[in-house]
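A.B. asks: Take a look at model01.txt, compact mmCIF, C-alpha atoms:
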```
# COMPACT_ATOMS: atom_id res chain seq x y z
CA MET Z 1 -2.87 20.26 -14.76
CA THR Z 2 0.73 21.16 -15.46
CA SER Z 3 0.80 23.70 -12.67
CA THR Z 4 0.19 21.01 -10.05
CA ARG Z 5 3.25 19.01 -11.09
CA PRO Z 6 6.17 19.18 -8.69
CA HIS Z 7 9.28 21.14 -9.56
CA PRO Z 8 8.51 21.50 -13.27
CA GLU Z 9 11.52 23.78 -13.54
CA ASP Z 10 13.92 21.21 -12.07
CA PRO Z 11 15.64 19.28 -14.91
CA ALA Z 12 16.00 16.24 -12.65
CA GLU Z 13 12.22 16.03 -12.46
CA GLN Z 14 11.57 16.32 -16.20
CA ARG Z 15 11.98 12.58 -16.72
CA LEU Z 16 8.96 11.74 -14.55
CA PRO Z 17 6.40 14.52 -14.23
CA TYR Z 18 4.85 13.00 -11.10
CA ASP Z 19 6.95 11.79 -8.19
CA ALA Z 20 5.30 10.12 -5.21
CA PHE Z 21 8.50 10.62 -3.20
CA ALA Z 22 7.90 14.39 -3.26
CA ARG Z 23 5.39 15.42 -0.63
CA VAL Z 24 3.79 18.06 -2.87
CA CYS Z 25 3.04 15.60 -5.67
CA PRO Z 26 -0.65 14.67 -6.02
CA SER Z 27 0.36 11.06 -6.72
CA ARG Z 28 1.29 10.80 -3.02
CA GLY Z 29 -2.40 11.10 -2.08
CA THR Z 30 -3.49 8.52 -4.63
CA LEU Z 31 -0.77 6.13 -3.45
CA GLU Z 32 -2.21 6.47 0.04
CA HIS Z 33 -5.79 5.85 -1.12
CA VAL Z 34 -4.69 2.78 -3.04
CA THR Z 35 -2.41 1.29 -0.41
CA GLY Z 36 -3.77 2.76 2.82
CA ARG Z 37 -5.06 0.48 5.57
CA TRP Z 38 -8.16 -0.53 3.57
CA GLY Z 39 -7.56 0.71 0.04
CA ALA Z 40 -5.46 -2.24 -1.09
CA LEU Z 41 -7.94 -4.83 0.19
CA THR Z 42 -10.93 -2.96 -1.28
CA LEU Z 43 -9.31 -2.82 -4.72
CA GLY Z 44 -8.27 -6.46 -4.45
CA ALA Z 45 -11.79 -7.50 -3.46
CA LEU Z 46 -13.30 -5.70 -6.47
CA CYS Z 47 -10.89 -7.48 -8.84
CA GLY Z 48 -13.34 -10.36 -9.09
CA GLY Z 49 -16.24 -8.17 -10.27
CA SER Z 50 -18.76 -5.67 -8.93
CA LEU Z 51 -19.95 -5.97 -5.34
CA ARG Z 52 -22.58 -4.32 -3.19
CA PHE Z 53 -21.50 -2.37 -0.13
CA ASN Z 54 -22.32 -5.13 2.35
CA GLU Z 55 -20.72 -7.80 0.17
CA LEU Z 56 -17.56 -5.70 0.10
CA ARG Z 57 -17.72 -5.24 3.84
CA ARG Z 58 -17.86 -8.98 4.39
CA ARG Z 59 -15.00 -9.57 1.94
CA VAL Z 60 -12.72 -6.93 3.50
CA ASP Z 61 -12.94 -8.61 6.88
CA GLY Z 62 -12.71 -6.18 9.81
CA VAL Z 63 -13.41 -2.90 7.99
CA SER Z 64 -15.97 -0.63 9.63
CA GLU Z 65 -18.87 0.83 7.67
CA LYS Z 66 -17.39 4.31 8.06
CA MET Z 67 -13.91 3.33 6.91
CA LEU Z 68 -15.18 1.36 3.91
CA SER Z 69 -17.35 4.28 2.93
CA GLN Z 70 -14.42 6.73 3.17
CA THR Z 71 -12.16 4.34 1.25
CA LEU Z 72 -14.72 3.94 -1.55
CA HIS Z 73 -15.26 7.70 -1.81
CA ALA Z 74 -11.53 8.34 -2.18
CA LEU Z 75 -11.16 5.60 -4.81
CA GLU Z 76 -14.24 6.86 -6.65
CA ARG Z 77 -12.93 10.42 -6.66
CA ASP Z 78 -9.59 9.19 -8.05
CA GLY Z 79 -11.48 7.48 -10.89
CA LEU Z 80 -10.57 3.95 -9.80
CA VAL Z 81 -13.99 2.78 -8.60
CA HIS Z 82 -17.38 3.36 -10.21
CA ARG Z 83 -20.46 3.63 -7.99
CA GLU Z 84 -23.71 2.59 -9.64
CA ALA Z 85 -26.94 3.31 -7.77
CA GLN Z 86 -29.77 1.12 -9.10
CA PRO Z 87 -33.23 2.76 -9.10
CA THR Z 88 -34.75 -0.10 -7.12
CA ASN Z 89 -36.67 -0.18 -3.87
CA PRO Z 90 -34.83 -0.63 -1.57
CA PRO Z 91 -32.05 1.23 -3.41
CA ARG Z 92 -29.15 -0.97 -4.44
CA VAL Z 93 -25.63 0.35 -4.92
CA ASP Z 94 -22.96 -1.59 -6.77
CA TYR Z 95 -19.26 -0.78 -6.78
CA GLU Z 96 -16.96 -1.85 -9.57
CA LEU Z 97 -13.49 -1.06 -10.81
CA THR Z 98 -13.04 1.35 -13.71
CA PRO Z 99 -10.59 0.27 -16.45
CA LEU Z 100 -7.85 2.32 -14.73
CA GLY Z 101 -8.91 0.86 -11.37
CA HIS Z 102 -8.55 -2.64 -12.81
CA GLU Z 103 -4.96 -1.96 -13.78
CA VAL Z 104 -4.14 -0.50 -10.37
CA ALA Z 105 -5.91 -3.41 -8.67
CA ARG Z 106 -3.88 -5.92 -10.68
CA HIS Z 107 -0.68 -4.37 -9.31
CA VAL Z 108 -2.09 -4.33 -5.78
CA LEU Z 109 -3.37 -7.90 -5.93
CA SER Z 110 -0.06 -9.12 -7.28
CA LEU Z 111 1.62 -7.53 -4.24
CA ILE Z 112 -0.96 -9.07 -1.88
CA ARG Z 113 -0.50 -12.54 -3.40
CA PHE Z 114 3.28 -12.23 -3.26
CA LEU Z 115 3.13 -11.31 0.44
CA GLU Z 116 0.72 -14.13 1.23
CA ASN Z 117 3.10 -16.56 -0.42
CA SER Z 118 6.06 -15.10 1.51
CA MET Z 119 4.50 -15.30 4.96
CA ASP Z 120 6.46 -18.38 6.06
CA ASP Z 121 9.67 -16.37 5.54
CA VAL Z 122 8.19 -13.27 7.16
CA LEU Z 123 7.08 -15.19 10.26
CA ARG Z 124 10.48 -16.83 10.55
CA ALA Z 125 12.11 -13.39 10.34
CA ARG Z 126 9.80 -12.06 13.05
CA GLU Z 127 10.72 -14.96 15.34
CA SER Z 128 14.45 -14.39 14.88
CA TYR Z 129 14.02 -10.66 15.40
CA ASP Z 130 12.03 -11.13 18.60
CA GLU Z 131 14.45 -13.77 19.91
CA ALA Z 132 17.43 -11.49 19.27
CA ARG Z 133 15.64 -8.62 21.02
CA GLY Z 134 14.64 -10.88 23.91
CA ALA Z 135 18.25 -12.00 24.32
CA LEU Z 136 19.52 -8.43 24.72
CA MET Q 1 3.92 -21.85 12.11
CA THR Q 2 0.96 -23.84 10.90
CA SER Q 3 -1.09 -22.98 13.95
CA THR Q 4 -1.06 -19.28 13.06
CA ARG Q 5 -2.61 -19.88 9.65
CA PRO Q 6 -6.24 -18.85 9.35
CA HIS Q 7 -8.95 -21.51 9.14
CA PRO Q 8 -6.61 -24.41 8.35
CA GLU Q 9 -9.58 -26.72 8.74
CA ASP Q 10 -11.70 -24.87 6.16
CA PRO Q 11 -11.36 -26.56 2.74
CA ALA Q 12 -11.96 -23.23 1.00
CA GLU Q 13 -8.78 -21.90 2.62
CA GLN Q 14 -6.57 -24.86 1.70
CA ARG Q 15 -5.71 -23.35 -1.66
CA LEU Q 16 -3.96 -20.35 -0.13
CA PRO Q 17 -2.73 -20.87 3.41
CA TYR Q 18 -2.47 -17.12 4.06
CA ASP Q 19 -5.27 -14.72 3.19
CA ALA Q 20 -4.83 -10.99 3.72
CA PHE Q 21 -8.58 -10.51 3.39
CA ALA Q 22 -9.08 -12.39 6.67
CA ARG Q 23 -8.50 -10.13 9.65
CA VAL Q 24 -6.80 -12.90 11.68
CA CYS Q 25 -4.18 -13.63 9.01
CA PRO Q 26 -0.66 -12.42 9.84
CA SER Q 27 -0.20 -11.35 6.21
CA ARG Q 28 -2.64 -8.50 6.95
CA GLY Q 29 -0.05 -6.90 9.24
CA THR Q 30 2.75 -7.28 6.73
CA LEU Q 31 0.57 -5.80 3.99
CA GLU Q 32 0.05 -2.78 6.24
CA HIS Q 33 3.78 -2.40 6.96
CA VAL Q 34 4.58 -2.62 3.27
CA THR Q 35 1.85 -0.33 1.99
CA GLY Q 36 1.10 1.86 5.01
CA ARG Q 37 1.54 5.61 4.78
CA TRP Q 38 5.34 5.40 4.68
CA GLY Q 39 6.14 1.73 4.10
CA ALA Q 40 5.70 1.81 0.33
CA LEU Q 41 7.91 4.88 -0.13
CA THR Q 42 10.61 3.53 2.22
CA LEU Q 43 10.79 0.24 0.30
CA GLY Q 44 10.78 2.10 -3.00
CA ALA Q 45 13.57 4.42 -1.83
CA LEU Q 46 15.75 1.46 -0.81
CA CYS Q 47 15.32 -0.17 -4.24
CA GLY Q 48 18.29 1.82 -5.50
CA GLY Q 49 20.66 0.49 -2.82
CA SER Q 50 21.48 0.95 0.85
CA LEU Q 51 20.89 4.32 2.49
CA ARG Q 52 21.65 5.89 5.84
CA PHE Q 53 18.79 7.03 8.04
CA ASN Q 54 19.09 10.70 7.11
CA GLU Q 55 19.48 9.93 3.42
CA LEU Q 56 16.26 7.91 3.61
CA ARG Q 57 14.54 10.71 5.45
CA ARG Q 58 15.44 13.17 2.71
CA ARG Q 59 14.32 10.74 -0.02
CA VAL Q 60 10.95 9.97 1.64
CA ASP Q 61 10.03 13.63 1.66
CA GLY Q 62 7.81 14.64 4.59
CA VAL Q 63 8.34 11.63 6.85
CA SER Q 64 9.12 12.44 10.49
CA GLU Q 65 12.09 10.89 12.28
CA LYS Q 66 9.71 8.96 14.52
CA MET Q 67 7.57 7.58 11.70
CA LEU Q 68 10.57 6.58 9.59
CA SER Q 69 12.08 4.83 12.59
CA GLN Q 70 8.81 2.92 13.28
CA THR Q 71 8.47 2.03 9.59
CA LEU Q 72 12.03 0.69 9.42
CA HIS Q 73 11.58 -1.36 12.59
CA ALA Q 74 8.43 -3.02 11.25
CA LEU Q 75 10.09 -3.76 7.90
CA GLU Q 76 13.20 -5.07 9.65
CA ARG Q 77 11.13 -7.35 11.91
CA ASP Q 78 9.30 -8.71 8.84
CA GLY Q 79 12.68 -9.57 7.29
CA LEU Q 80 12.37 -7.06 4.45
CA VAL Q 81 15.01 -4.56 5.53
CA HIS Q 82 18.46 -5.23 6.97
CA ARG Q 83 19.94 -2.75 9.43
CA GLU Q 84 23.73 -2.63 9.53
CA ALA Q 85 25.39 -0.64 12.29
CA GLN Q 86 28.99 0.22 11.37
CA PRO Q 87 31.45 0.27 14.30
CA THR Q 88 32.61 3.77 13.46
CA ASN Q 89 32.73 6.93 15.47
CA PRO Q 90 30.24 8.52 15.16
CA PRO Q 91 28.22 5.33 14.62
CA ARG Q 92 26.85 4.89 11.13
CA VAL Q 93 23.76 2.85 10.37
CA ASP Q 94 22.91 1.66 6.88
CA TYR Q 95 19.58 0.24 5.80
CA GLU Q 96 19.23 -2.08 2.83
CA LEU Q 97 16.66 -4.44 1.39
CA THR Q 98 16.98 -8.16 2.05
CA PRO Q 99 16.49 -10.46 -0.98
CA LEU Q 100 12.81 -10.91 0.03
CA GLY Q 101 12.53 -7.15 0.62
CA HIS Q 102 13.87 -6.56 -2.91
CA GLU Q 103 11.11 -8.67 -4.40
CA VAL Q 104 8.44 -6.93 -2.34
CA ALA Q 105 9.93 -3.53 -3.22
CA ARG Q 106 9.83 -4.37 -6.93
CA HIS Q 107 6.08 -4.96 -6.67
CA VAL Q 108 5.62 -1.78 -4.65
CA LEU Q 109 7.73 0.34 -6.99
CA SER Q 110 5.90 -1.00 -10.01
CA LEU Q 111 2.64 0.15 -8.38
CA ILE Q 112 4.14 3.57 -7.53
CA ARG Q 113 5.40 4.06 -11.11
CA PHE Q 114 2.07 2.98 -12.56
CA LEU Q 115 0.24 5.51 -10.37
CA GLU Q 116 2.68 8.29 -11.23
CA ASN Q 117 2.10 7.57 -14.91
CA SER Q 118 -1.70 7.56 -14.39
CA MET Q 119 -1.93 10.86 -12.55
CA ASP Q 120 -3.26 12.83 -15.52
CA ASP Q 121 -6.26 10.48 -15.60
CA VAL Q 122 -6.62 10.56 -11.81
CA LEU Q 123 -6.60 14.35 -11.70
CA ARG Q 124 -9.17 14.54 -14.50
CA ALA Q 125 -11.37 12.09 -12.57
CA ARG Q 126 -11.06 14.20 -9.40
CA GLU Q 127 -12.10 17.32 -11.32
CA SER Q 128 -15.19 15.61 -12.77
CA TYR Q 129 -16.09 14.19 -9.37
CA ASP Q 130 -15.76 17.55 -7.64
CA GLU Q 131 -17.69 19.34 -10.40
CA ALA Q 132 -20.55 16.80 -10.19
CA ARG Q 133 -20.63 17.19 -6.40
CA GLY Q 134 -20.51 20.97 -6.65
CA ALA Q 135 -23.43 20.93 -9.10
CA LEU Q 136 -25.67 18.99 -6.69
```
Show me, as structure tokens, the structure contained in the file I just sent.

C.D. replies:
Amino acid sequence: MTSTRPHPEDPAEQRLPYDAFARVCPSRGTLEHVTGRWGALTLGALCGGSLRFNELRRRVDGVSEKMLSQTLHALERDGLVHREAQPTNPPRVDYELTPLGHEVARHVLSLIRFLENSMDDVLRARESYDEARGAL
Amino acid sequence: MTSTRPHPEDPAEQRLPYDAFARVCPSRGTLEHVTGRWGALTLGALCGGSLRFNELRRRVDGVSEKMLSQTLHALERDGLVHREAQPTNPPRVDYELTPLGHEVARHVLSLIRFLENSMDDVLRARESYDEARGAL
């Protein structure tokens, strides 16, 4: 794996082997899977326990089948989500967080909750911003 | 502001007035500004103090001028970033986090650092996933 790390020869990078601020670092891709348009909400939704695809789709309000499927594949490939196909008829597929996924999801959910609790301030800021722009 | 809250009449929503999982909630937009492709890295970069546009662009490696500009506008409108134009010649514009932006950025940076530190596991998971797919 060492060869995929960015700038291993640069002493400034020795402190942290992976650096999401560097475009070549593989952590950039994972950051995007985890935070991207639907990644954060999918991880947050799975925090409460395993869900079937359609349950997830209802929880992550507004996501299309295609986008949820792509999001889950990326999170599964990164080892954050486990996909369990039950040998039933009709087939039943459950999605759940892996232990690593749980830790990532805790960070993501804490950000989501903080933003939700800050929305009064955010909406006030948007009003001031739009008023100032309108007055120009 | 109350009128913009989702389902204020639904008792299940009383607990948390804003809910990013609901597509009508304004916190959904802010979550996307904060986590979107460049939002997370821009907030993280500003955690260390104010930066000029070109300094930010170098720090958030790979971002285009247009995307950085759009990202900063959205974060400024949400009250997370403050834009300070200095009356110098040539004009100099500094960007810094607001107090609320600092708190959001702390959450975001903690997620970024956690992911960077988890990349060995993530890359191992990707290898297993790709091997299993290749073997099908």

A.B. asks: Pick out the chain Q residues within 8 Å of chain Z. Count all atoms listed in the file. Give them as JSON, numbers by chain.

C.D. replies: {"Q": [1, 16, 17, 18, 19, 20, 21, 22, 23, 26, 27, 30, 31, 32, 35, 36, 37, 41, 59, 60, 61, 62, 77, 78, 79, 80, 104, 107, 108, 110, 111, 112, 114, 115, 116, 117, 119, 120, 121, 122, 123, 125, 126, 129, 130]}

A.B. asks: Could you save those same residues with C-alpha atoms as an mmCIF file, in the frame of the given file?

C.D. replies:
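Result went into part_33.cif, see below:
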```cif
data_model
loop_
_atom_site.group_PDB
_atom_site.id
_atom_site.type_symbol
_atom_site.label_atom_id
_atom_site.label_comp_id
_atom_site.auth_asym_id
_atom_site.auth_seq_id
_atom_site.Cartn_x
_atom_site.Cartn_y
_atom_site.Cartn_z
ATOM 1 C CA MET Q 1 3.920 -21.850 12.110
ATOM 2 C CA LEU Q 16 -3.960 -20.350 -0.130
ATOM 3 C CA PRO Q 17 -2.730 -20.870 3.410
ATOM 4 C CA TYR Q 18 -2.470 -17.120 4.060
ATOM 5 C CA ASP Q 19 -5.270 -14.720 3.190
ATOM 6 C CA ALA Q 20 -4.830 -10.990 3.720
ATOM 7 C CA PHE Q 21 -8.580 -10.510 3.390
ATOM 8 C CA ALA Q 22 -9.080 -12.390 6.670
ATOM 9 C CA ARG Q 23 -8.500 -10.130 9.650
ATOM 10 C CA PRO Q 26 -0.660 -12.420 9.840
ATOM 11 C CA SER Q 27 -0.200 -11.350 6.210
ATOM 12 C CA THR Q 30 2.750 -7.280 6.730
ATOM 13 C CA LEU Q 31 0.570 -5.800 3.990
ATOM 14 C CA GLU Q 32 0.050 -2.780 6.240
ATOM 15 C CA THR Q 35 1.850 -0.330 1.990
ATOM 16 C CA GLY Q 36 1.100 1.860 5.010
ATOM 17 C CA ARG Q 37 1.540 5.610 4.780
ATOM 18 C CA LEU Q 41 7.910 4.880 -0.130
ATOM 19 C CA ARG Q 59 14.320 10.740 -0.020
ATOM 20 C CA VAL Q 60 10.950 9.970 1.640
ATOM 21 C CA ASP Q 61 10.030 13.630 1.660
ATOM 22 C CA GLY Q 62 7.810 14.640 4.590
ATOM 23 C CA ARG Q 77 11.130 -7.350 11.910
ATOM 24 C CA ASP Q 78 9.300 -8.710 8.840
ATOM 25 C CA GLY Q 79 12.680 -9.570 7.290
ATOM 26 C CA LEU Q 80 12.370 -7.060 4.450
ATOM 27 C CA VAL Q 104 8.440 -6.930 -2.340
ATOM 28 C CA HIS Q 107 6.080 -4.960 -6.670
ATOM 29 C CA VAL Q 108 5.620 -1.780 -4.650
ATOM 30 C CA SER Q 110 5.900 -1.000 -10.010
ATOM 31 C CA LEU Q 111 2.640 0.150 -8.380
ATOM 32 C CA ILE Q 112 4.140 3.570 -7.530
ATOM 33 C CA PHE Q 114 2.070 2.980 -12.560
ATOM 34 C CA LEU Q 115 0.240 5.510 -10.370
ATOM 35 C CA GLU Q 116 2.680 8.290 -11.230
ATOM 36 C CA ASN Q 117 2.100 7.570 -14.910
ATOM 37 C CA MET Q 119 -1.930 10.860 -12.550
ATOM 38 C CA ASP Q 120 -3.260 12.830 -15.520
ATOM 39 C CA ASP Q 121 -6.260 10.480 -15.600
ATOM 40 C CA VAL Q 122 -6.620 10.560 -11.810
ATOM 41 C CA LEU Q 123 -6.600 14.350 -11.700
ATOM 42 C CA ALA Q 125 -11.370 12.090 -12.570
ATOM 43 C CA ARG Q 126 -11.060 14.200 -9.400
ATOM 44 C CA TYR Q 129 -16.090 14.190 -9.370
ATOM 45 C CA ASP Q 130 -15.760 17.550 -7.640
#
```

A.B. asks: Present chain Z as a tab-separated table (two decimals) with C-alpha atoms, in the frame of the given file, least-squares fitted onto chain Q over all of its C-alpha atoms paired in order.

C.D. replies:
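Produced file result-v6.tsv, reproduced below:
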```
chain	number	residue	atom	x	y	z
Z	1	MET	CA	3.81	-21.81	12.12
Z	2	THR	CA	0.86	-23.83	10.91
Z	3	SER	CA	-1.19	-22.96	13.96
Z	4	THR	CA	-1.17	-19.26	13.05
Z	5	ARG	CA	-2.72	-19.88	9.64
Z	6	PRO	CA	-6.34	-18.84	9.31
Z	7	HIS	CA	-9.09	-21.43	9.11
Z	8	PRO	CA	-6.81	-24.39	8.38
Z	9	GLU	CA	-9.83	-26.63	8.71
Z	10	ASP	CA	-11.84	-24.75	6.08
Z	11	PRO	CA	-11.44	-26.48	2.67
Z	12	ALA	CA	-11.97	-23.15	0.90
Z	13	GLU	CA	-8.82	-21.85	2.56
Z	14	GLN	CA	-6.61	-24.83	1.71
Z	15	ARG	CA	-5.70	-23.38	-1.68
Z	16	LEU	CA	-3.94	-20.36	-0.15
Z	17	PRO	CA	-2.69	-20.88	3.40
Z	18	TYR	CA	-2.43	-17.14	4.06
Z	19	ASP	CA	-5.23	-14.73	3.19
Z	20	ALA	CA	-4.78	-11.01	3.73
Z	21	PHE	CA	-8.54	-10.53	3.39
Z	22	ALA	CA	-9.03	-12.42	6.67
Z	23	ARG	CA	-8.43	-10.16	9.65
Z	24	VAL	CA	-6.75	-12.92	11.68
Z	25	CYS	CA	-4.15	-13.66	9.01
Z	26	PRO	CA	-0.62	-12.44	9.85
Z	27	SER	CA	-0.17	-11.36	6.22
Z	28	ARG	CA	-2.61	-8.51	6.95
Z	29	GLY	CA	-0.02	-6.90	9.26
Z	30	THR	CA	2.79	-7.28	6.74
Z	31	LEU	CA	0.60	-5.82	4.00
Z	32	GLU	CA	0.09	-2.80	6.24
Z	33	HIS	CA	3.81	-2.42	6.97
Z	34	VAL	CA	4.61	-2.64	3.28
Z	35	THR	CA	1.87	-0.36	2.00
Z	36	GLY	CA	1.11	1.82	5.02
Z	37	ARG	CA	1.53	5.59	4.81
Z	38	TRP	CA	5.35	5.37	4.69
Z	39	GLY	CA	6.15	1.72	4.10
Z	40	ALA	CA	5.71	1.80	0.33
Z	41	LEU	CA	7.91	4.88	-0.12
Z	42	THR	CA	10.60	3.53	2.22
Z	43	LEU	CA	10.81	0.25	0.30
Z	44	GLY	CA	10.79	2.11	-3.00
Z	45	ALA	CA	13.58	4.42	-1.83
Z	46	LEU	CA	15.76	1.46	-0.80
Z	47	CYS	CA	15.32	-0.16	-4.24
Z	48	GLY	CA	18.28	1.84	-5.50
Z	49	GLY	CA	20.68	0.53	-2.84
Z	50	SER	CA	21.50	0.97	0.84
Z	51	LEU	CA	20.91	4.33	2.49
Z	52	ARG	CA	21.67	5.91	5.84
Z	53	PHE	CA	18.80	7.03	8.04
Z	54	ASN	CA	19.09	10.71	7.13
Z	55	GLU	CA	19.48	9.94	3.43
Z	56	LEU	CA	16.28	7.90	3.62
Z	57	ARG	CA	14.55	10.70	5.45
Z	58	ARG	CA	15.42	13.17	2.72
Z	59	ARG	CA	14.32	10.73	0.00
Z	60	VAL	CA	10.96	9.96	1.64
Z	61	ASP	CA	10.02	13.62	1.65
Z	62	GLY	CA	7.80	14.62	4.59
Z	63	VAL	CA	8.35	11.61	6.87
Z	64	SER	CA	9.12	12.43	10.50
Z	65	GLU	CA	12.08	10.88	12.29
Z	66	LYS	CA	9.71	8.94	14.54
Z	67	MET	CA	7.58	7.58	11.71
Z	68	LEU	CA	10.59	6.57	9.60
Z	69	SER	CA	12.08	4.83	12.59
Z	70	GLN	CA	8.84	2.92	13.29
Z	71	THR	CA	8.48	2.02	9.60
Z	72	LEU	CA	12.05	0.69	9.43
Z	73	HIS	CA	11.60	-1.36	12.61
Z	74	ALA	CA	8.46	-3.02	11.25
Z	75	LEU	CA	10.12	-3.78	7.90
Z	76	GLU	CA	13.23	-5.08	9.66
Z	77	ARG	CA	11.17	-7.34	11.90
Z	78	ASP	CA	9.34	-8.71	8.85
Z	79	GLY	CA	12.72	-9.57	7.29
Z	80	LEU	CA	12.40	-7.07	4.44
Z	81	VAL	CA	15.04	-4.55	5.54
Z	82	HIS	CA	18.48	-5.22	6.98
Z	83	ARG	CA	19.97	-2.74	9.46
Z	84	GLU	CA	23.76	-2.62	9.52
Z	85	ALA	CA	25.41	-0.62	12.29
Z	86	GLN	CA	29.00	0.25	11.35
Z	87	PRO	CA	31.47	0.33	14.28
Z	88	THR	CA	32.60	3.85	13.43
Z	89	ASN	CA	32.73	7.02	15.46
Z	90	PRO	CA	30.23	8.61	15.10
Z	91	PRO	CA	28.24	5.38	14.62
Z	92	ARG	CA	26.88	4.93	11.12
Z	93	VAL	CA	23.78	2.88	10.37
Z	94	ASP	CA	22.92	1.69	6.88
Z	95	TYR	CA	19.59	0.24	5.80
Z	96	GLU	CA	19.25	-2.06	2.84
Z	97	LEU	CA	16.69	-4.43	1.40
Z	98	THR	CA	17.01	-8.16	2.05
Z	99	PRO	CA	16.52	-10.45	-0.98
Z	100	LEU	CA	12.85	-10.91	0.03
Z	101	GLY	CA	12.57	-7.15	0.60
Z	102	HIS	CA	13.89	-6.55	-2.91
Z	103	GLU	CA	11.14	-8.67	-4.40
Z	104	VAL	CA	8.46	-6.93	-2.34
Z	105	ALA	CA	9.95	-3.54	-3.22
Z	106	ARG	CA	9.86	-4.38	-6.93
Z	107	HIS	CA	6.10	-4.98	-6.66
Z	108	VAL	CA	5.63	-1.78	-4.66
Z	109	LEU	CA	7.75	0.34	-6.99
Z	110	SER	CA	5.92	-1.00	-10.01
Z	111	LEU	CA	2.66	0.13	-8.38
Z	112	ILE	CA	4.15	3.55	-7.54
Z	113	ARG	CA	5.41	4.04	-11.11
Z	114	PHE	CA	2.08	2.96	-12.57
Z	115	LEU	CA	0.23	5.48	-10.38
Z	116	GLU	CA	2.65	8.27	-11.23
Z	117	ASN	CA	2.08	7.58	-14.91
Z	118	SER	CA	-1.71	7.54	-14.39
Z	119	MET	CA	-1.95	10.85	-12.54
Z	120	ASP	CA	-3.28	12.83	-15.52
Z	121	ASP	CA	-6.28	10.46	-15.59
Z	122	VAL	CA	-6.63	10.53	-11.81
Z	123	LEU	CA	-6.63	14.34	-11.68
Z	124	ARG	CA	-9.18	14.51	-14.47
Z	125	ALA	CA	-11.39	12.07	-12.55
Z	126	ARG	CA	-11.07	14.17	-9.40
Z	127	GLU	CA	-12.12	17.29	-11.30
Z	128	SER	CA	-15.20	15.60	-12.75
Z	129	TYR	CA	-16.10	14.16	-9.36
Z	130	ASP	CA	-15.78	17.52	-7.62
Z	131	GLU	CA	-17.72	19.31	-10.38
Z	132	ALA	CA	-20.55	16.77	-10.17
Z	133	ARG	CA	-20.63	17.14	-6.38
Z	134	GLY	CA	-20.53	20.94	-6.66
Z	135	ALA	CA	-23.45	20.87	-9.09
Z	136	LEU	CA	-25.68	18.95	-6.66
```

A.B. asks: Work out how far CA of Leu46 in chain Z is from CA of His102 in chain Q, in Å to one decimal.

C.D. replies: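 Computed distance, CA of His102 in chain Q to CA of Leu46 in chain Z, equals 27.4 Å.
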
A.B. asks: In Å, rounded to a single decimal, give me how far CA of Arg133 in chain Q is from CA of Asp94 in chain Z.

C.D. replies: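 These two atoms are separated by 18.9 Å.
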
A.B. asks: Which neighbours of Ser50 in chain Q fall inside 9 Å, counting all atoms listed in the file, when residues of the same chain fewer than 2 positions from it are skipped, and could you give them as a ChimeraX atom specification?

C.D. replies: /Q:46-48,52,94-97

A.B. asks: Write out, as a PDB file, keeping the file's coordinate frame, the residues just selected, with C-alpha atoms.

C.D. replies:
```pdb
ATOM      1  CA  LEU Q  46      15.750   1.460  -0.810  1.00  0.00           C
ATOM      2  CA  CYS Q  47      15.320  -0.170  -4.240  1.00  0.00           C
ATOM      3  CA  GLY Q  48      18.290   1.820  -5.500  1.00  0.00           C
ATOM      4  CA  ARG Q  52      21.650   5.890   5.840  1.00  0.00           C
ATOM      5  CA  ASP Q  94      22.910   1.660   6.880  1.00  0.00           C
ATOM      6  CA  TYR Q  95      19.580   0.240   5.800  1.00  0.00           C
ATOM      7  CA  GLU Q  96      19.230  -2.080   2.830  1.00  0.00           C
ATOM      8  CA  LEU Q  97      16.660  -4.440   1.390  1.00  0.00           C
TER       9      LEU Q  97
END
```
